[in-house]
Amino acid sequence: MRPDLLRYAAELAKRGEPFALATVVRREAPSSARVGDAALVTRDGVFHGWVGGGCTHPTVVREALRTLEERAPRLVALSPVPSADRRPGVIPLLMSCHSGGSVDIYVEPVLPAPRLVVFGSSPVAQALIRLGKALGYAADVIDAEADRAGFPEADRVVTRAEALTHPAPRGAAGALVCAVVATMGQGDEEAVATAIGLEPAYLGLIASRKRFEQIGKTLRARGVSADALGSIRNPAGLDIGAQLPEEIALSILGEIVQLRRGGQERRAPAESSEAAVPAQAQDPICGMSVPAASTSLHAEFEGHTFYFCGVGCRERFLADPRRYTGVHP
């Protein structure tokens with residue numbers, strides 16, 4: 001991979017911004033790509049690098065955005081006759097480059113670490129942060145009396161939730177958020193209400209069922225919806241007979257892993273909107289499917305916007321747009 005791409009990838013990862021890497025793993029002449037050629041696609045669809053002729057770029061961008069949306073890699077094969085290039089585990093796609101050849105590209109998402117937000121400074125809260133960091137989570141603590149000394153592994157220790165977003169960690173909107181209320185009777189209602197406002201994929205409450213009923217009544221009186229309260233896991237964690245703080249933390253993180261790996265995770269709205277696959281348009285010259293996005297090559301004619309796979313198609317269109325649109329004076 002080119003050094004400039006490596007540096008840019010490292011910069012995006014440091015900022016916690018999702019992106020996708022596309023790498024050529026197989027090619028057949030006369031494709032201009034070479035095995036090992038690579039490109040990086042940002043979450044807003046900007047393409048950097050080289051994986052073959054310009055006509056491959058829109059397809060790679062589209063597939064990259066899909067990997068970000070689905071949080072899973074994919075192997076695509078671009079060839080002039082996709083129906084003749086079907087192989088197990090490979091997605092066949094049309095290669096519209098006039099030069100011919102075919103190319104297989106592995107596209108993988110690089111996502112920010114999931115965030116674990118823990119409310120409270122109890123021993124269970126401390127154990128959650130320790131184990132969460134060991135599992136690769138970015139971990140934050142929210143508690144009015146929280147002390148950094150009690151959470152040496154935490155990324156941030158704040159006294160109120162607003163401090164997590166002012167200033168916001170760059171790229172954090174794209175991360176999966178999991179929250180656990182471990183206040184253990186100290187400001188439970190306020191912590192639960194704040195946690196609900198984070199719209200987490202997982203929200204667990206460490207409290208007895210009786211205490212949860214009391215919390216629910218108080219929050220319903222404040223206008224919190226029944227659906228929001230119904231999404232809370234109580235008692236939090238898998239039933240493994242946990243008693244010690246570390247065991248309780250293990251059971252909760254086990255439940256979070258089960259939820260994530262079971263395909264039931266719900267991504268934050270900001271991420272879904274930013275990584276969503278854009279609408280598609282057809283290149284009027286070669287017929288290739290192209291993202292109908294501002295980052296794609298495009299041209300205006302007679303009040304309509306036309307999108308192109310590459311510079312060549314756009315230039316042919318601009319030379320005689322009526323020929324390709326059927327619009328006559």
# chains A, B, ... in the order shown; residues from 1 in each chain; ligands from 1
$ closest_atom_pairs --of "segment 94-164 of chain A" --to "segment 172-192 of chain A" --cutoff "6 Å" --atoms "only C-alpha atoms" --output "JSON lines"
{"residue": "A:Pro112", "atom": "CA", "partner": "A:Ala175", "partner_atom": "CA", "distance": 5.6}
{"residue": "A:Pro114", "atom": "CA", "partner": "A:Leu176", "partner_atom": "CA", "distance": 4.7}
{"residue": "A:Arg115", "atom": "CA", "partner": "A:Val177", "partner_atom": "CA", "distance": 4.8}
{"residue": "A:Leu116", "atom": "CA", "partner": "A:Cys178", "partner_atom": "CA", "distance": 5.0}
{"residue": "A:Val117", "atom": "CA", "partner": "A:Ala179", "partner_atom": "CA", "distance": 4.6}
{"residue": "A:Val118", "atom": "CA", "partner": "A:Val180", "partner_atom": "CA", "distance": 5.0}
{"residue": "A:Phe119", "atom": "CA", "partner": "A:Val181", "partner_atom": "CA", "distance": 4.7}
{"residue": "A:Gly120", "atom": "CA", "partner": "A:Thr183", "partner_atom": "CA", "distance": 4.1}
{"residue": "A:Ala125", "atom": "CA", "partner": "A:Ala182", "partner_atom": "CA", "distance": 5.7}
$ select_by_dssp --residues "segment 61-206 of chain A" --states "alpha helix (DSSP H)" --output "compact mmCIF listing (two decimals) with N, CA and C atoms, in the first residue's frame"
# COMPACT_ATOMS: atom_id res chain seq x y z
N VAL A 61 -16.56 2.67 -4.68
CA VAL A 61 -17.15 3.57 -3.69
C VAL A 61 -18.47 3.01 -3.18
N ARG A 62 -19.31 2.55 -4.10
CA ARG A 62 -20.60 1.99 -3.70
C ARG A 62 -20.43 0.79 -2.77
N GLU A 63 -19.53 -0.12 -3.14
CA GLU A 63 -19.31 -1.31 -2.32
C GLU A 63 -18.67 -0.95 -0.98
N ALA A 64 -17.81 0.06 -0.98
CA ALA A 64 -17.17 0.49 0.27
C ALA A 64 -18.20 1.04 1.24
N LEU A 65 -19.12 1.85 0.74
CA LEU A 65 -20.15 2.41 1.61
C LEU A 65 -21.07 1.31 2.13
N ARG A 66 -21.27 0.28 1.35
CA ARG A 66 -22.09 -0.83 1.83
C ARG A 66 -21.39 -1.59 2.95
N THR A 67 -20.08 -1.74 2.83
CA THR A 67 -19.37 -2.43 3.92
C THR A 67 -19.45 -1.63 5.21
N LEU A 68 -19.42 -0.29 5.10
CA LEU A 68 -19.55 0.54 6.29
C LEU A 68 -20.94 0.41 6.89
N GLU A 69 -21.95 0.37 6.03
CA GLU A 69 -23.32 0.25 6.51
C GLU A 69 -23.57 -1.11 7.15
N GLU A 70 -23.04 -2.17 6.54
CA GLU A 70 -23.27 -3.53 7.02
C GLU A 70 -22.24 -3.99 8.04
N PRO A 123 -17.92 -0.21 42.59
CA PRO A 123 -16.92 -1.24 42.22
C PRO A 123 -17.28 -1.94 40.90
N VAL A 124 -18.58 -2.13 40.64
CA VAL A 124 -18.97 -2.75 39.37
C VAL A 124 -18.62 -1.82 38.21
N ALA A 125 -18.85 -0.52 38.40
CA ALA A 125 -18.49 0.44 37.35
C ALA A 125 -16.99 0.38 37.05
N GLN A 126 -16.19 0.30 38.09
CA GLN A 126 -14.74 0.22 37.91
C GLN A 126 -14.35 -1.06 37.17
N ALA A 127 -14.99 -2.17 37.53
CA ALA A 127 -14.70 -3.43 36.85
C ALA A 127 -15.13 -3.39 35.39
N LEU A 128 -16.26 -2.73 35.11
CA LEU A 128 -16.73 -2.61 33.73
C LEU A 128 -15.71 -1.87 32.86
N ILE A 129 -15.14 -0.80 33.40
CA ILE A 129 -14.16 -0.03 32.64
C ILE A 129 -12.91 -0.88 32.40
N ARG A 130 -12.44 -1.58 33.40
CA ARG A 130 -11.23 -2.40 33.24
C ARG A 130 -11.44 -3.47 32.17
N LEU A 131 -12.55 -4.21 32.26
CA LEU A 131 -12.79 -5.29 31.32
C LEU A 131 -13.16 -4.74 29.94
N GLY A 132 -13.88 -3.61 29.90
CA GLY A 132 -14.25 -3.02 28.63
C GLY A 132 -13.03 -2.60 27.83
N LYS A 133 -12.06 -1.99 28.50
CA LYS A 133 -10.83 -1.58 27.82
C LYS A 133 -10.06 -2.81 27.32
N ALA A 134 -10.08 -3.89 28.10
CA ALA A 134 -9.39 -5.11 27.67
C ALA A 134 -10.04 -5.69 26.41
N GLU A 162 -22.97 16.11 29.46
CA GLU A 162 -22.69 17.17 28.48
C GLU A 162 -21.20 17.27 28.18
N ALA A 163 -20.38 16.91 29.14
CA ALA A 163 -18.93 17.01 28.94
C ALA A 163 -18.43 16.02 27.90
N LEU A 164 -19.24 15.00 27.59
CA LEU A 164 -18.84 14.03 26.57
C LEU A 164 -19.00 14.58 25.17
N THR A 165 -19.83 15.58 25.02
CA THR A 165 -20.10 16.10 23.68
C THR A 165 -19.62 17.53 23.50
N ASP A 188 -30.12 7.18 40.38
CA ASP A 188 -30.46 6.22 39.33
C ASP A 188 -31.34 6.83 38.24
N GLU A 189 -32.39 7.54 38.65
CA GLU A 189 -33.35 8.08 37.67
C GLU A 189 -32.66 9.02 36.68
N GLU A 190 -31.85 9.94 37.20
CA GLU A 190 -31.17 10.89 36.32
C GLU A 190 -30.21 10.18 35.38
N ALA A 191 -29.51 9.17 35.90
CA ALA A 191 -28.56 8.43 35.07
C ALA A 191 -29.27 7.67 33.95
N VAL A 192 -30.39 7.02 34.28
CA VAL A 192 -31.14 6.27 33.27
C VAL A 192 -31.69 7.21 32.19
N ALA A 193 -32.24 8.34 32.62
CA ALA A 193 -32.78 9.30 31.65
C ALA A 193 -31.69 9.81 30.71
N THR A 194 -30.53 10.10 31.28
CA THR A 194 -29.41 10.57 30.45
C THR A 194 -28.93 9.48 29.51
N ALA A 195 -28.87 8.26 30.01
CA ALA A 195 -28.43 7.14 29.17
C ALA A 195 -29.38 6.91 28.01
N ILE A 196 -30.67 7.03 28.25
CA ILE A 196 -31.66 6.87 27.17
C ILE A 196 -31.41 7.92 26.09
N GLY A 197 -31.05 9.13 26.52
CA GLY A 197 -30.80 10.20 25.56
C GLY A 197 -29.62 9.94 24.65
$ closest_residue --among "A:Arg71, A:Ala161, A:Ala139, A:Ser122" --to "Glu246 of chain A" --atoms "only C-alpha atoms"
A:Ser122
